[in-house]
Structures are given as structure tokens and as C-alpha cells.
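Q: start_2.tsv is the file, holding TSV, C-alpha atoms and all ligand atoms:
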```
chain	number	residue	atom	x	y	z
A	1	MET	CA	88.60	134.33	135.99
A	2	LYS	CA	89.63	133.55	132.46
A	3	ILE	CA	91.13	136.52	130.60
A	4	LEU	CA	91.98	137.12	126.96
A	5	VAL	CA	94.57	139.81	126.25
A	6	THR	CA	94.83	140.77	122.58
A	7	GLY	CA	98.21	142.33	121.89
A	8	GLY	CA	99.52	140.68	125.05
A	9	ALA	CA	103.07	140.46	123.68
A	10	GLY	CA	103.13	144.22	123.30
A	11	PHE	CA	104.20	146.98	125.65
A	12	ILE	CA	100.98	147.60	127.59
A	13	GLY	CA	99.29	144.24	126.94
A	14	SER	CA	102.17	142.26	128.44
A	15	HIS	CA	101.95	144.27	131.68
A	16	ILE	CA	98.17	143.70	131.86
A	17	ALA	CA	98.63	139.96	131.29
A	18	GLU	CA	101.25	139.81	134.01
A	19	ALA	CA	99.03	141.68	136.49
A	20	CYS	CA	96.12	139.33	135.76
A	21	LEU	CA	98.37	136.33	136.36
A	22	ARG	CA	99.52	137.82	139.66
A	23	ARG	CA	95.97	138.02	140.92
A	24	GLY	CA	95.36	134.40	139.94
A	25	ASP	CA	93.56	134.64	136.60
A	26	GLU	CA	93.95	132.18	133.78
A	27	VAL	CA	95.41	134.13	130.83
A	28	ILE	CA	95.32	133.64	127.07
A	29	ILE	CA	97.27	135.97	124.81
A	30	ILE	CA	96.75	136.46	121.11
A	31	ASP	CA	99.41	138.51	119.31
A	32	ASN	CA	100.76	138.47	115.77
A	33	LEU	CA	104.21	139.59	116.97
A	34	THR	CA	104.34	142.49	114.51
A	35	SER	CA	105.12	145.07	117.16
A	36	GLY	CA	104.94	142.70	120.13
A	37	HIS	CA	107.84	140.44	121.10
A	38	ARG	CA	108.24	137.06	122.75
A	39	ARG	CA	110.81	138.65	125.08
A	40	ASN	CA	108.04	140.81	126.60
A	41	MET	CA	106.38	137.59	127.79
A	42	ALA	CA	109.62	135.83	128.81
A	43	SER	CA	108.99	136.08	132.56
A	44	PHE	CA	105.52	134.51	132.39
A	45	ILE	CA	105.08	132.67	129.10
A	46	ARG	CA	105.12	129.30	130.86
A	47	ASP	CA	102.08	130.33	132.88
A	48	ILE	CA	99.86	131.45	130.01
A	49	GLN	CA	98.49	130.15	126.76
A	50	PHE	CA	100.05	132.02	123.85
A	51	VAL	CA	98.41	132.03	120.43
A	52	GLU	CA	100.36	133.58	117.58
A	53	GLY	CA	97.62	135.12	115.50
A	54	ASP	CA	95.93	138.21	114.23
A	55	VAL	CA	92.79	140.07	115.30
A	56	ARG	CA	91.79	140.12	111.62
A	57	ASP	CA	91.29	136.35	111.98
A	58	ARG	CA	87.71	136.18	113.30
A	59	LYS	CA	87.65	132.41	113.53
A	60	LEU	CA	90.80	132.25	115.62
A	61	LEU	CA	89.45	134.99	117.91
A	62	GLY	CA	86.34	132.91	118.47
A	63	ILE	CA	88.48	130.02	119.68
A	64	CYS	CA	90.58	132.30	121.92
A	65	ALA	CA	87.54	134.04	123.45
A	66	SER	CA	85.77	130.79	124.27
A	67	GLY	CA	85.09	130.59	128.01
A	68	CYS	CA	86.66	134.00	128.75
A	69	ASP	CA	85.13	136.40	131.26
A	70	ILE	CA	87.04	139.55	130.32
A	71	VAL	CA	88.84	140.60	127.15
A	72	TYR	CA	91.50	143.31	127.36
A	73	HIS	CA	91.74	144.46	123.76
A	74	GLN	CA	95.19	146.01	123.32
A	75	ALA	CA	96.10	144.76	119.84
A	76	ALA	CA	96.41	147.63	117.37
A	77	ILE	CA	98.75	149.47	115.07
A	78	VAL	CA	99.41	152.36	117.41
A	79	SER	CA	101.20	154.92	115.29
A	80	VAL	CA	99.60	158.13	114.04
A	81	PRO	CA	102.17	158.69	111.24
A	82	TYR	CA	101.99	155.03	110.15
A	83	SER	CA	98.20	155.33	109.89
A	84	ILE	CA	98.62	158.32	107.60
A	85	GLU	CA	100.97	156.35	105.34
A	86	HIS	CA	99.03	153.06	105.44
A	87	PRO	CA	95.39	153.92	106.18
A	88	ARG	CA	93.91	150.74	104.71
A	89	GLU	CA	96.13	148.48	106.78
A	90	THR	CA	95.47	150.39	110.01
A	91	HIS	CA	91.75	150.49	109.18
A	92	ASP	CA	91.71	146.71	108.88
A	93	VAL	CA	93.62	146.07	112.09
A	94	ASN	CA	92.17	148.86	114.23
A	95	ILE	CA	88.54	148.91	113.08
A	96	VAL	CA	87.84	145.46	111.62
A	97	GLY	CA	90.08	143.88	114.27
A	98	THR	CA	88.18	145.65	117.05
A	99	PHE	CA	84.85	144.66	115.52
A	100	ASN	CA	86.04	141.05	115.41
A	101	VAL	CA	87.07	141.16	119.07
A	102	LEU	CA	83.69	142.60	120.11
A	103	GLU	CA	81.76	140.09	118.05
A	104	ALA	CA	83.86	137.16	119.27
A	105	ALA	CA	83.43	138.32	122.90
A	106	ARG	CA	79.67	138.66	122.43
A	107	ASP	CA	79.34	135.24	120.82
A	108	ALA	CA	81.51	133.63	123.51
A	109	LYS	CA	79.29	135.29	126.15
A	110	ALA	CA	82.20	137.10	127.75
A	111	ARG	CA	81.07	139.57	130.38
A	112	ARG	CA	83.22	142.56	129.53
A	113	VAL	CA	85.62	144.01	126.95
A	114	VAL	CA	88.06	146.73	127.99
A	115	PHE	CA	89.17	148.60	124.89
A	116	ALA	CA	92.46	150.48	124.54
A	117	CYS	CA	91.42	153.81	123.04
A	118	SER	CA	93.59	156.90	122.67
A	119	ALA	CA	93.82	160.62	123.35
A	120	ALA	CA	94.20	160.85	119.55
A	121	VAL	CA	90.39	160.93	119.39
A	122	TYR	CA	90.48	164.55	120.61
A	123	GLY	CA	92.28	165.90	117.54
A	124	GLU	CA	93.16	169.57	117.44
A	125	ASP	CA	90.57	171.06	119.76
A	126	PRO	CA	92.70	173.42	121.90
A	127	GLU	CA	90.54	173.06	125.03
A	128	LEU	CA	92.56	171.86	128.01
A	129	PRO	CA	92.52	169.67	129.93
A	130	LYS	CA	90.85	167.17	127.61
A	131	HIS	CA	87.65	165.81	129.12
A	132	GLU	CA	85.34	163.07	127.91
A	133	GLY	CA	82.40	165.47	127.48
A	134	MET	CA	84.12	167.48	124.74
A	135	SER	CA	83.61	166.62	121.12
A	136	ALA	CA	86.00	164.10	119.63
A	137	LEU	CA	87.23	165.32	116.25
A	138	PRO	CA	90.20	163.19	115.26
A	139	ILE	CA	92.55	164.43	112.56
A	140	SER	CA	94.32	161.18	111.65
A	141	PRO	CA	93.17	157.76	110.45
A	142	TYR	CA	94.49	156.39	113.75
A	143	GLY	CA	92.36	158.77	115.83
A	144	LEU	CA	89.28	158.01	113.76
A	145	GLU	CA	89.92	154.27	113.98
A	146	LYS	CA	90.15	154.45	117.78
A	147	LEU	CA	87.00	156.57	117.95
A	148	THR	CA	85.19	154.11	115.68
A	149	GLY	CA	86.31	151.22	117.89
A	150	GLU	CA	84.95	153.08	120.89
A	151	HIS	CA	81.60	153.70	119.16
A	152	TYR	CA	81.37	150.05	118.16
A	153	ALA	CA	82.08	149.10	121.77
A	154	LYS	CA	79.22	151.35	122.94
A	155	ILE	CA	76.86	149.93	120.33
A	156	PHE	CA	77.70	146.37	121.39
A	157	HIS	CA	76.86	147.33	124.94
A	158	ALA	CA	73.59	149.04	124.02
A	159	LEU	CA	72.38	146.39	121.58
A	160	TYR	CA	73.79	143.12	122.86
A	161	GLY	CA	74.43	143.74	126.55
A	162	LEU	CA	78.16	143.08	126.24
A	163	GLU	CA	79.78	145.27	128.90
A	164	THR	CA	82.36	147.47	127.17
A	165	VAL	CA	84.68	150.08	128.65
A	166	SER	CA	86.88	152.38	126.59
A	167	LEU	CA	90.09	153.77	128.06
A	168	ARG	CA	91.53	156.78	126.27
A	169	TYR	CA	95.25	156.45	126.91
A	170	PHE	CA	97.44	159.54	126.97
A	171	ASN	CA	101.25	159.23	126.57
A	172	VAL	CA	102.02	155.90	128.20
A	173	PHE	CA	105.65	155.07	128.99
A	174	GLY	CA	107.57	152.37	130.81
A	175	PRO	CA	109.56	149.14	130.45
A	176	ARG	CA	109.04	147.12	127.24
A	177	GLN	CA	108.15	150.13	125.11
A	178	ASP	CA	110.23	149.66	121.98
A	179	PRO	CA	112.62	152.59	121.47
A	180	LYS	CA	113.82	151.42	118.07
A	181	SER	CA	110.97	152.35	115.78
A	182	PRO	CA	110.68	155.81	114.23
A	183	TYR	CA	107.21	155.91	115.76
A	184	SER	CA	108.39	155.17	119.30
A	185	GLY	CA	107.22	157.25	122.22
A	186	VAL	CA	109.51	160.16	123.03
A	187	ILE	CA	110.48	158.88	126.48
A	188	SER	CA	111.65	155.50	125.20
A	189	ILE	CA	113.80	157.28	122.58
A	190	PHE	CA	115.24	159.73	125.09
A	191	VAL	CA	116.14	156.97	127.57
A	192	ASP	CA	118.06	155.24	124.80
A	193	ARG	CA	119.90	158.44	123.97
A	194	LEU	CA	120.70	159.16	127.59
A	195	LEU	CA	122.19	155.73	128.23
A	196	ASP	CA	124.10	155.83	124.94
A	197	GLY	CA	125.58	159.19	125.96
A	198	GLU	CA	123.98	160.86	122.96
A	199	MET	CA	121.98	164.04	122.57
A	200	PRO	CA	118.21	163.81	122.22
A	201	THR	CA	116.46	165.76	119.49
A	202	ILE	CA	113.54	167.94	120.48
A	203	PHE	CA	111.22	168.78	117.62
A	204	GLY	CA	110.13	172.38	118.18
A	205	ASP	CA	111.00	174.60	121.15
A	206	GLY	CA	110.42	171.91	123.77
A	207	GLU	CA	107.58	173.81	125.38
A	208	GLN	CA	104.96	171.43	123.97
A	209	CYS	CA	103.46	169.38	126.78
A	210	ARG	CA	102.04	165.92	127.21
A	211	ASP	CA	100.40	163.88	129.95
A	212	PHE	CA	103.03	161.18	130.43
A	213	VAL	CA	101.62	158.25	132.37
A	214	PHE	CA	103.64	155.32	133.68
A	215	VAL	CA	102.43	151.94	132.49
A	216	GLU	CA	101.70	150.67	136.01
A	217	ASN	CA	99.02	153.36	136.37
A	218	VAL	CA	97.49	152.22	133.08
A	219	VAL	CA	97.45	148.60	134.26
A	220	GLN	CA	95.65	149.71	137.42
A	221	ALA	CA	93.06	151.49	135.26
A	222	ASN	CA	92.53	148.35	133.17
A	223	LEU	CA	92.05	146.06	136.15
A	224	LEU	CA	89.54	148.48	137.67
A	225	ALA	CA	87.76	148.89	134.33
A	226	GLY	CA	87.34	145.11	134.22
A	227	SER	CA	85.01	145.19	137.20
A	228	ALA	CA	83.78	148.73	138.02
A	229	PRO	CA	79.97	148.47	138.17
A	230	LYS	CA	79.17	151.82	136.55
A	231	ALA	CA	81.73	151.59	133.77
A	232	ALA	CA	79.83	149.56	131.17
A	233	GLY	CA	79.28	151.58	127.99
A	234	ARG	CA	81.52	154.42	129.21
A	235	SER	CA	84.79	156.10	128.12
A	236	TYR	CA	87.55	157.31	130.42
A	237	ASN	CA	90.68	159.41	130.05
A	238	ILE	CA	93.67	157.55	131.41
A	239	GLY	CA	96.62	159.81	132.09
A	240	LEU	CA	98.23	161.24	135.16
A	241	GLY	CA	96.26	164.48	134.93
A	242	GLU	CA	99.45	166.53	134.83
A	243	ARG	CA	101.37	168.21	132.05
A	244	THR	CA	105.10	167.94	131.47
A	245	THR	CA	106.96	169.83	128.76
A	246	LEU	CA	109.74	168.17	126.79
A	247	ASN	CA	112.21	170.65	128.27
A	248	GLN	CA	111.15	169.58	131.77
A	249	LEU	CA	111.45	165.95	130.75
A	250	VAL	CA	115.02	166.30	129.54
A	251	GLU	CA	115.99	168.25	132.64
A	252	MET	CA	114.44	165.59	134.90
A	253	MET	CA	116.19	162.75	133.08
A	254	GLY	CA	119.59	164.42	133.33
A	255	ARG	CA	119.04	165.04	137.03
A	256	LEU	CA	118.02	161.43	137.68
A	257	GLU	CA	121.05	160.13	135.81
A	258	GLY	CA	123.33	162.66	137.51
A	259	ARG	CA	124.79	164.13	134.35
A	260	PRO	CA	123.97	166.92	131.93
A	261	PHE	CA	121.51	165.90	129.25
A	262	ALA	CA	121.20	168.72	126.75
A	263	ALA	CA	118.94	168.49	123.73
A	264	ARG	CA	119.41	169.66	120.19
A	265	TYR	CA	116.43	171.43	118.68
A	266	GLU	CA	114.98	170.82	115.25
A	267	ALA	CA	111.90	172.03	113.40
A	268	ALA	CA	108.59	170.99	114.94
A	269	ARG	CA	107.06	167.77	113.59
A	270	PRO	CA	104.27	168.52	111.10
A	271	GLY	CA	100.88	167.85	112.62
A	272	ASP	CA	102.28	167.81	116.16
A	273	ILE	CA	99.80	168.81	118.83
A	274	ARG	CA	101.09	171.63	121.01
A	275	ALA	CA	99.51	170.67	124.29
A	276	SER	CA	97.69	167.67	125.63
A	277	PHE	CA	96.77	166.59	129.10
A	278	ALA	CA	93.89	164.77	130.69
A	279	ASP	CA	91.12	165.59	133.07
A	280	ILE	CA	90.96	162.25	134.89
A	281	SER	CA	88.14	163.09	137.29
A	282	ARG	CA	85.65	160.74	135.63
A	283	ALA	CA	88.05	157.78	135.96
A	284	ARG	CA	88.78	158.76	139.57
A	285	LYS	CA	85.08	158.88	140.41
A	286	GLU	CA	83.68	155.93	138.48
A	287	LEU	CA	86.65	153.54	138.34
A	288	ASP	CA	88.28	154.58	141.60
A	289	TYR	CA	91.42	155.16	139.51
A	290	GLY	CA	94.22	156.82	141.42
A	291	PRO	CA	97.53	156.92	139.56
A	292	SER	CA	100.24	156.35	142.14
A	293	VAL	CA	103.44	156.55	140.08
A	294	SER	CA	104.60	160.08	139.19
A	295	VAL	CA	106.46	160.94	135.99
A	296	GLU	CA	109.71	161.23	137.94
A	297	GLU	CA	109.26	157.91	139.76
A	298	GLY	CA	108.27	156.25	136.47
A	299	LEU	CA	111.40	157.63	134.80
A	300	ARG	CA	113.52	156.38	137.69
A	301	ARG	CA	112.10	152.87	137.27
A	302	LEU	CA	112.40	152.96	133.50
A	303	LEU	CA	116.03	154.07	133.67
A	304	ALA	CA	116.82	151.26	136.12
A	305	TYR	CA	115.13	148.76	133.80
A	306	ALA	CA	116.91	150.07	130.68
A	307	ARG	CA	120.25	149.98	132.50
A	308	SER	CA	119.63	146.40	133.62
A	309	LEU	CA	118.89	145.36	130.00
A	310	ARG	CA	122.20	146.80	128.89
A	311	GLY	CA	124.00	145.05	131.70
A	312	ALA	CA	122.45	141.71	130.76
A	401	LIG	C1	100.87	160.18	121.25
A	401	LIG	C2	100.76	158.70	120.97
A	401	LIG	C3	99.91	158.46	119.75
A	401	LIG	C4	98.57	159.16	119.86
A	401	LIG	C5	98.81	160.64	120.18
A	401	LIG	C6	97.49	161.33	120.45
A	401	LIG	C7	102.77	157.62	121.79
A	401	LIG	C8	104.07	156.99	121.41
A	401	LIG	N1	102.06	158.13	120.77
A	401	LIG	O1	101.58	160.82	120.20
A	401	LIG	O2	99.70	157.05	119.60
A	401	LIG	O3	97.79	158.53	120.85
A	401	LIG	O4	99.60	160.79	121.36
A	401	LIG	O5	97.64	162.70	120.45
A	401	LIG	O6	102.37	157.65	122.92
A	401	LIG	N2	109.42	164.26	120.11
A	401	LIG	C9	110.66	164.87	120.12
A	401	LIG	N3	111.75	164.10	119.85
A	401	LIG	C10	111.67	162.76	119.55
A	401	LIG	C11	110.39	162.17	119.53
A	401	LIG	C12	109.27	162.95	119.81
A	401	LIG	O7	110.79	166.07	120.38
A	401	LIG	O8	112.72	162.14	119.33
A	401	LIG	C13	108.24	165.08	120.45
A	401	LIG	C14	107.12	165.05	119.44
A	401	LIG	O9	107.35	165.95	118.40
A	401	LIG	C15	105.93	165.43	120.33
A	401	LIG	C16	106.29	164.84	121.70
A	401	LIG	O10	107.70	164.57	121.66
A	401	LIG	O11	105.83	166.82	120.45
A	401	LIG	C17	105.59	163.53	122.00
A	401	LIG	O12	105.76	162.68	120.88
A	401	LIG	P1	105.35	161.12	120.89
A	401	LIG	O13	105.62	160.59	119.53
A	401	LIG	O14	105.97	160.45	122.05
A	401	LIG	O15	103.79	161.14	121.20
A	401	LIG	P2	102.58	161.98	120.56
A	401	LIG	O16	102.04	162.84	121.65
A	401	LIG	O17	102.95	162.62	119.28
```
Would you write out, as C-alpha cells, the structure that this file holds?
A:
Amino acid sequence: MKILVTGGAGFIGSHIAEACLRRGDEVIIIDNLTSGHRRNMASFIRDIQFVEGDVRDRKLLGICASGCDIVYHQAAIVSVPYSIEHPRETHDVNIVGTFNVLEAARDAKARRVVFACSAAVYGEDPELPKHEGMSALPISPYGLEKLTGEHYAKIFHALYGLETVSLRYFNVFGPRQDPKSPYSGVISIFVDRLLDGEMPTIFGDGEQCRDFVFVENVVQANLLAGSAPKAAGRSYNIGLGERTTLNQLVEMMGRLEGRPFAARYEAARPGDIRASFADISRARKELDYGPSVSVEEGLRRLLAYARSLRGA
């Protein structure tokens, strides 16, 4: 099969590209290298076709999508706070960019587009666990942009027969997630702190919880979503289906590293959601998704990876 991965130099996209290569696919990556990096593709760049470009460039997308069977659309500006500060820019990348990808895939007669959506679509509704049947009421430009992308994907399926699948990612973590940005995921920041021998900062009392899901599980979900027969036009939560508090996270990390890892506590981040975790039964049933890497095992692998980077 021929596969296009948008955002394939990024954290999740690079792992999807690598997994597709492993199963023998021909892979094209388009990435503008804003938040993606060449180093994320270092181990496989010789085996793929890399196009440095932007999903706002419809013409270029048309060229990239030509002859492709599946498009994994991972390119996005993924930060909630950044979307609040720069809503026009994130609108252009996340909504217009997604529209461009769908249109290019349709015109190139690709079979399926798998869209990276987000748990941010759920907004503040306190119902737990989050399930796909509940109303999506996003409270940030980012959440609305991801929801709009998902709706566009459904419309392209209903009107044009393009098979589209939307995966609502929860808190994904793992190797290649950039710890250096102020918008980085909490685990990538905490791993950095731990290995630097510094204290992590917990915003709030640390009892807020998230559904942390190791990237390998998310790759599995994407590969399954590329072919599952009943998935076209559908949305799926992709998490682990378990909740972990930040206090538990810090305790687990200290234990794995074999030394105390105490946090300092600061005021809660404005707009922070207290609790989020996924009901993944729909993905289990319709995609045959079965996350196999626990939070602890994922942390163990991430720590080993981060240590090896420092040693290099
Ligand atoms: C995640 C996603 C976001 C969106 C959202 C949907 C990531 C990186 N972000 O945001 O894209 O989908 O879910 O709800 O996956 N924290 C600390 N100390 C730190 C950094 C963070 O205590 O140094 C806290 C933070 O206040 C929050 C929790 O850790 O309570 C998780 O923060 P995050 O930025 O990793 O992810 P989240 O859930 O805000």
C-alpha cells in the first residue's frame, strides 16, 4: 500500500510512518518542520519520501496524495493554550489544513483518511468516562477546530464516499515528544526534570487525572483504523481507558528511577480540566483495539529512551 502521513516528522506521525514501513508500505511524509523534526525520521528517512511542506498548500497536498491508498492526517498545531493566543493561525492549519487533506484525498481517489482528533472536543462536561455518544462542547479554539475537522471528515464520507475515521486521542506520551516547549505534555516535562535531578511542578493539588496512553497503543489504533470495515464515518476514543493522577505519576516515576521524586505545587492552571479519561469500548469492539502497553511500562520505555539520548 502507498501511505501519506501528514505531520510525519512529528511525535505521533513519525511512529505511524515507521510502523507502516515495517509492514512493507510505501510511505510519503509531508511536514513543515514547525513542531516536527528531521531527527524524528533519522532512523527511516532513507526509506521514505519526505516533502517539506504545509497542509495549507492544497496544490502540494494534491501531488503528495497522488496514488495513495491511506492518508494518516497527523499534521496540526496541537496546543490548547497556543490556539487561544493565535486562533486565526490554528484555524488555518487545523481546519483549512484538514479540509485540504480531505479534498486532496478525495480527488486522488484515496480509499481512507484517518484523522487525528482529540479529547479536547469534550470540553468541560463533567461526565466520566468520556464516551463518543456524549455531546461534544469544546471550550477552546483547538477543541472546536478538531471537532470541525471530524465533522468535515464525516461529511466527506457521507457525500463523496471517502472512508474517514476520526481518532480522539487522550494524553499521548512516549519517545520523540518534545519536552522543551511550554505546551509540552506533562510526562515529557517530568521525564526531563527527573533525569536532570530537578523537581517537577504540579499545577494544583495533583489529584487531577488524565488517561495517559503510550504512543505504541495509538499507533496500533491508527493501523487498525486504516482497515477496520465498520469504521468508515465513525469516531473513536483512543486512550488506555484508565485514569492516573499527577501524584500517582510522580510516585511511579520516582519508583522506576529508584530515587525520590518529589513535586513542588503551584496554583492550578487556568482552564485546566479536573478529570479526563476514556471509555474505549467502541474502539475495542469496532477496531479490535486492545492497548497492550500500560502507563508504567510506557514510562519505563520512555525513561530508557530519554536516558539513551542523554548518553549519546
Ligand atoms: C491534553 C492535550 C491537549 C488537548 C487536551 C484535551 C497534551 C500535551 N495535551 O491537554 O492537546 O487534547 O488534553 O483535554 O497531550 N501539568 C503540571 N505540570 C506541568 C505540566 C502540566 O502539573 O509541568 C498538569 C496540567 O496542569 C494538567 C495535566 O498536567 O492538569 C496534564 O497537562 P498536559 O498539558 O500534559 O495535558 P492536558 O490534559 O492539559
Q: Tell me, in Å to one decimal, how far CA of Tyr265 (chain A) is from CA of Pro81 (chain A).
A: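 Separating CA of Tyr265 (chain A) from CA of Pro81 (chain A) is a distance of 20.5 Å.
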Q: Let me have all residues with an atom within 7 Å of ligand LIG 401 (chain A), counting all atoms listed in the file, laid out as a PyMOL selection string.
A: chain A and resi 78-80+118-120+123+169-172+183-187+189-190+200-204+206+208+210+246+268-269+272-274
Q: Tell me, counting all atoms listed in the file, for each residue of region 105-183 of chain A within 12 Å of region 284-296 of chain A, which pair of atoms is nearest and how far apart they are in Å to one decimal, in rows ordered by chain and increasing number, as a Markdown table.
A:
```
| residue | atom | partner | partner_atom | distance |
| --- | --- | --- | --- | --- |
| A:Val165 | CA | A:Leu287 | CA | 10.5 |
| A:Ser166 | CA | A:Leu287 | CA | 11.8 |
| A:Leu167 | CA | A:Leu287 | CA | 10.8 |
| A:Asn171 | CA | A:Val295 | CA | 10.9 |
| A:Val172 | CA | A:Val295 | CA | 10.3 |
| A:Phe173 | CA | A:Val295 | CA | 9.2 |
| A:Gly174 | CA | A:Val295 | CA | 10.1 |
```
Q: Write out as lines of an AutoDock Vina configuration file an axis-aligned box for region 109-127 of chain A: all of its atoms listed in the file, 6 Å added on each side, centre and edge lengths in Å with one decimal.
A:
```
center_x = 86.7
center_y = 154.4
center_z = 123.9
size_x = 26.9
size_y = 50.1
size_z = 24.9
```
Q: Do a neighbour search on region 96-110 of chain A at 7 Å with all atoms listed in the file, toss out local chain neighbours closer than 5 positions, and write the hits as number ranges by chain.
A: A: 55-56, 58, 61-62, 65-70, 91, 149, 152-153, 162
Q: Which of these residues is nearest to Ile3 (chain A), using all atoms listed in the file: A:Tyr72, A:Tyr82, A:Tyr160, A:Phe261?
A: A:Tyr72
Q: Excluding same-chain residues fewer than 3 positions from Asp192 (chain A), what lies within 8 Å of it counting only C-alpha atoms, as JSON, numbers by chain?
A: {"A": [179, 188, 189, 195, 196, 306]}
Q: Quote the spacing between CA of Val93 (chain A) and CA of Phe212 (chain A) in Å to one decimal place.
A: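 These two atoms are separated by 25.6 Å.
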Q: Report the distance between CA of Met41 (chain A) and CA of Val191 (chain A) in Å, rounded to one decimal place.
A: 21.7 Å
Q: Write out as a list in words the residues lying within 12 Å of Gly233 (chain A), counting all atoms listed in the file and excluding same-chain residues fewer than 4 positions away.
A: Arg112, Val113, Val114, Phe115, Glu150, His151, Tyr152, Ala153, Lys154, Ile155, Phe156, His157, Ala158, Leu159, Tyr160, Gly161, Leu162, Glu163, Thr164, Val165, Ser166, Leu167, Ala225, Ala228 and Pro229 of chain A
Q: Nearest to Ala9 (chain A) among A:Lys146, A:Gln177, A:Pro141, A:Pro126, with distances taken over all atoms listed in the file: which residue is it?
A: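 Of A:Lys146, A:Gln177, A:Pro141, A:Pro126, the one nearest Ala9 (chain A) is A:Gln177, counting all atoms listed in the file.
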Q: Counting only C-alpha atoms, write as a VMD selection string all protein and nucleic acid residues lying at most 8 Å from (98.5, 141.9, 125.6) in the file's frame.
A: chain A and resid 5 to 17 29 to 31 72 to 75
Q: Pick from A:Ser135, A:Lys180, A:Ala262, A:Val219: nearest to Leu249 (chain A), with only C-alpha atoms counted?
A: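 Smallest distance to Leu249 (chain A) is found for A:Ala262.
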Q: Given all atoms listed in the file as the basis, pick out the residue of A:Gly241, A:Leu4, A:Asp205, A:Ala283 nearest to Leu224 (chain A).
A: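 Under the stated criterion, the closest residue is A:Ala283.
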Q: Just checking: using all atoms listed in the file, which residue out of A:Val218, A:Ile238, A:Leu21, A:Ala275 ends up closest to Glu132 (chain A)?
A: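 Counting all atoms listed in the file, the residue closest to Glu132 (chain A) is A:Ile238.
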Q: Counting only C-alpha atoms, which of A:Arg264, A:Arg39, A:Arg46, A:Ser276 gets nearest to Asp178 (chain A)?
A: A:Arg39
Q: Atoms are missing here; could region 69-76 of chain A be completed with all heavy atoms and written as an mmCIF file, in the frame of the given file?
A:
```cif
data_model
loop_
_atom_site.group_PDB
_atom_site.id
_atom_site.type_symbol
_atom_site.label_atom_id
_atom_site.label_comp_id
_atom_site.auth_asym_id
_atom_site.auth_seq_id
_atom_site.Cartn_x
_atom_site.Cartn_y
_atom_site.Cartn_z
ATOM 1 N N ASP A 69 86.006 135.465 130.552
ATOM 2 C CA ASP A 69 85.130 136.400 131.260
ATOM 3 C C ASP A 69 85.393 137.837 130.814
ATOM 4 O O ASP A 69 84.469 138.621 130.626
ATOM 5 C CB ASP A 69 85.382 136.310 132.774
ATOM 6 C CG ASP A 69 85.159 134.903 133.300
ATOM 7 O OD1 ASP A 69 83.991 134.484 133.306
ATOM 8 O OD2 ASP A 69 86.150 134.215 133.645
ATOM 9 N N ILE A 70 86.676 138.177 130.684
ATOM 10 C CA ILE A 70 87.040 139.550 130.320
ATOM 11 C C ILE A 70 88.045 139.522 129.178
ATOM 12 O O ILE A 70 88.956 138.681 129.157
ATOM 13 C CB ILE A 70 87.687 140.300 131.515
ATOM 14 C CG1 ILE A 70 86.739 140.320 132.715
ATOM 15 C CG2 ILE A 70 88.068 141.731 131.129
ATOM 16 C CD1 ILE A 70 87.330 140.954 133.953
ATOM 17 N N VAL A 71 87.868 140.429 128.239
ATOM 18 C CA VAL A 71 88.840 140.600 127.150
ATOM 19 C C VAL A 71 89.456 141.987 127.295
ATOM 20 O O VAL A 71 88.733 142.993 127.327
ATOM 21 C CB VAL A 71 88.164 140.475 125.766
ATOM 22 C CG1 VAL A 71 89.203 140.652 124.654
ATOM 23 C CG2 VAL A 71 87.439 139.135 125.627
ATOM 24 N N TYR A 72 90.785 142.034 127.410
ATOM 25 C CA TYR A 72 91.500 143.310 127.360
ATOM 26 C C TYR A 72 92.023 143.449 125.936
ATOM 27 O O TYR A 72 92.941 142.722 125.540
ATOM 28 C CB TYR A 72 92.658 143.333 128.369
ATOM 29 C CG TYR A 72 92.164 143.380 129.803
ATOM 30 C CD1 TYR A 72 92.149 142.237 130.601
ATOM 31 C CD2 TYR A 72 91.686 144.563 130.345
ATOM 32 C CE1 TYR A 72 91.673 142.273 131.908
ATOM 33 C CE2 TYR A 72 91.213 144.617 131.643
ATOM 34 C CZ TYR A 72 91.206 143.475 132.422
ATOM 35 O OH TYR A 72 90.735 143.516 133.711
ATOM 36 N N HIS A 73 91.411 144.355 125.191
ATOM 37 C CA HIS A 73 91.740 144.460 123.760
ATOM 38 C C HIS A 73 92.804 145.550 123.553
ATOM 39 O O HIS A 73 92.482 146.740 123.463
ATOM 40 C CB HIS A 73 90.472 144.759 122.962
ATOM 41 C CG HIS A 73 90.718 144.974 121.510
ATOM 42 N ND1 HIS A 73 91.666 144.280 120.794
ATOM 43 C CD2 HIS A 73 90.142 145.826 120.609
ATOM 44 C CE1 HIS A 73 91.661 144.693 119.528
ATOM 45 N NE2 HIS A 73 90.752 145.627 119.403
ATOM 46 N N GLN A 74 94.059 145.090 123.465
ATOM 47 C CA GLN A 74 95.190 146.010 123.320
ATOM 48 C C GLN A 74 95.818 145.945 121.929
ATOM 49 O O GLN A 74 96.648 146.778 121.579
ATOM 50 C CB GLN A 74 96.289 145.679 124.351
ATOM 51 C CG GLN A 74 95.798 145.575 125.781
ATOM 52 C CD GLN A 74 95.250 146.874 126.311
ATOM 53 O OE1 GLN A 74 95.924 147.897 126.266
ATOM 54 N NE2 GLN A 74 94.022 146.851 126.796
ATOM 55 N N ALA A 75 95.466 144.928 121.154
ATOM 56 C CA ALA A 75 96.100 144.760 119.840
ATOM 57 C C ALA A 75 95.702 145.903 118.924
ATOM 58 O O ALA A 75 94.523 146.219 118.794
ATOM 59 C CB ALA A 75 95.673 143.423 119.235
ATOM 60 N N ALA A 76 96.681 146.516 118.297
ATOM 61 C CA ALA A 76 96.410 147.630 117.370
ATOM 62 C C ALA A 76 97.717 148.015 116.692
ATOM 63 O O ALA A 76 98.800 147.651 117.154
ATOM 64 C CB ALA A 76 95.864 148.841 118.137
#
```
